[in-house]
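Comments concern the structure below.
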Amino acid sequence: MTNPKPNGGERSIVMSFYRAFKSLGAAIPTLLGVVLLLGLFLTLVSKQFIASVFTGELFRDTVIGSAMGSIAAGNAVNSYIIEEELMKEGVSLFAITAFIMTWVTVAVTQFPAEAAILGKRFAVIRNSLSFFLAILVSIATVTTLILIH
Amino acid sequence: MKVLAEKKTKRGKYHNYSFYFLIAVIFLYFLLFFFDPGGACKSLKASGDIIIRIIPVLLLVILFMVLMDYFLHPKTVAKYVGKGSGIKGWFLAISAGIISHGPIYVWYPLLKELRDQGMRSGLVAAFLYSRAIKIPLLPLIVYYFGALFVVVLLPYIVIASLIEGEIIELIESRKIQ
C-alpha cells in the first residue's frame, strides 16, 4: 500500500510501521524506567502518609496539596479516593483541588521520560507552570463555589 | 551535514540518558530487594499491572503514529497545529488532550513526532494540561465532589491550558530571538 507524497514519490505503509516502531522503541527504556518507578511509588507511599502532611493552614495546605499531587502517581481514580479520605480528615477544598490538578498535570515520576523525549527545558518549564497553575485553578474554583453558595 | 551530526549527537545523548535512567531505577530495585524483598516483589507486581494496563494505549499510539506518518505531511501538520494555526490549533490540541486516554508518558513519543513535523510547543503543553479533564471519569468526580464542582472546575482547566501554552510560546519565542 502506498500514498503519494506532495513532492512526488510514494510512502509505503510498511515504512510507516517501521518508523513508528523505531520511534517508540527508542522511548522504551525511559518508559520502562518510569513504569518501574511508579511500581515503587505505589507500594512505598501510603494514603496515610499523604494525609499526615497536611497542617490545617489554608494557603500552606494548598501548596502542600499541589506538591503532594506532583509527587504522587498512578491512575486519576486513586486521587479521587485519596481526596475523599482527606475530606473526611477535614483538609480544605483548596488543597484537595490543587492535589487533583497536579496529580494529572505535573509529572515528577514521569519527568525523566518527558525530559528525554520532549526536552529538558520544555519539561522543566511545563511542570513548573503546571504546579503554579494548579494553585491558581484551585483558588479560582473554590472561590467561585463560595461566591455561588 | 552539521544539522545531521547535531541530530545524531542529540539522539545519542537521549539514548544514553534513557539507559542511565533505567539502570538507576533497576539499581533502586536491587537496593530495595536487599532491605525489603517483599516490598520489591510488590513493586514489581504493581509495575507488571501497569504494563498490562498501558499495552492497549501503546498499541493505539503506534497506530496513530503509523497513520500520521502515512497520511500526514509536515505541511498538513503545520497547517492545523503549526505557527499559523491560530484558534483552530488551540481548539484541536485541547480537544485531543481531553479525548486522549491512558498515562501521560505514553503520549510523549507521538507528541515529539508531531512537534518535529511542525506542531507548536505551546499546543503540546496545552494538550498535556487539558488531559486533566478525563471524560470517562467525570461521573466519578461528580460522585465524590458534586456536579457544581465539576461545572466550575472544567472551564478553569481549559483556561489554564491556554495560559500554559501561551506562556511556553512566549518563552520559546524569546529563546529564538
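Letters for chains follow the order of the C-alpha cells (A, B, ...), residue numbers begin at 1 for each chain, and ligand numbers begin at 1 in the order shown.
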Exercise: Ala116 in chain A partners within 8 Å, only C-alpha atoms, chain neighbours under 4 positions left out, as a ChimeraX atom specification: /A:30,112,120 /B:14,17-18
N, CA and C atoms of the current selection, written as a PDB file, in the first residue's frame:
ATOM      1  N   THR A  30      13.140   4.460  28.652  1.00  0.00           N
ATOM      2  CA  THR A  30      12.638   5.502  29.558  1.00  0.00           C
ATOM      3  C   THR A  30      11.257   5.131  30.079  1.00  0.00           C
ATOM      4  N   PRO A 112      11.704  12.107  34.009  1.00  0.00           N
ATOM      5  CA  PRO A 112      12.827  11.654  33.163  1.00  0.00           C
ATOM      6  C   PRO A 112      12.376  11.320  31.738  1.00  0.00           C
ATOM      7  N   LYS A 120      14.559  18.673  28.052  1.00  0.00           N
ATOM      8  CA  LYS A 120      14.653  19.001  29.484  1.00  0.00           C
ATOM      9  C   LYS A 120      14.044  20.387  29.774  1.00  0.00           C
TER      10      LYS A 120
ATOM     11  N   TYR B  14      20.283  11.241  24.122  1.00  0.00           N
ATOM     12  CA  TYR B  14      18.966  10.796  24.573  1.00  0.00           C
ATOM     13  C   TYR B  14      18.994   9.316  24.934  1.00  0.00           C
ATOM     14  N   TYR B  17      20.963   8.835  28.159  1.00  0.00           N
ATOM     15  CA  TYR B  17      20.176   9.294  29.286  1.00  0.00           C
ATOM     16  C   TYR B  17      19.110   8.259  29.636  1.00  0.00           C
ATOM     17  N   SER B  18      18.428   7.722  28.608  1.00  0.00           N
ATOM     18  CA  SER B  18      17.383   6.722  28.806  1.00  0.00           C
ATOM     19  C   SER B  18      17.923   5.501  29.528  1.00  0.00           C
TER      20      SER B  18
END
Compile the contact shell of Phe132 in chain A as a compact mmCIF listing (two decimals) with C-alpha atoms, in the first residue's frame: residues with an atom at most 9 Å away, counting only C-alpha atoms, same-chain residues fewer than 4 positions apart removed.
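Output file around34.txt is given in full below:
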# COMPACT_ATOMS: atom_id res chain seq x y z
CA VAL A 63 0.82 24.44 48.32
CA SER A 66 -0.05 20.87 44.93
CA ASN A 127 5.91 21.15 35.03
CA SER A 128 6.76 24.35 36.95
CA LEU A 136 -4.46 29.28 40.82
CA VAL A 137 -7.10 26.89 39.42
Chain A residues near chain B (7 Å cut-off, only C-alpha atoms) as an MDAnalysis selection string: chainID A and resid 3 11 13 16:17 20 23:24 27 29:30 33 35:40 43 84 101 104:105 110 113:114 116:118 126 129 133 137 141
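Here CA of His149 in chain A and CA of Arg60 in chain A stand 24.3 Å from one another.
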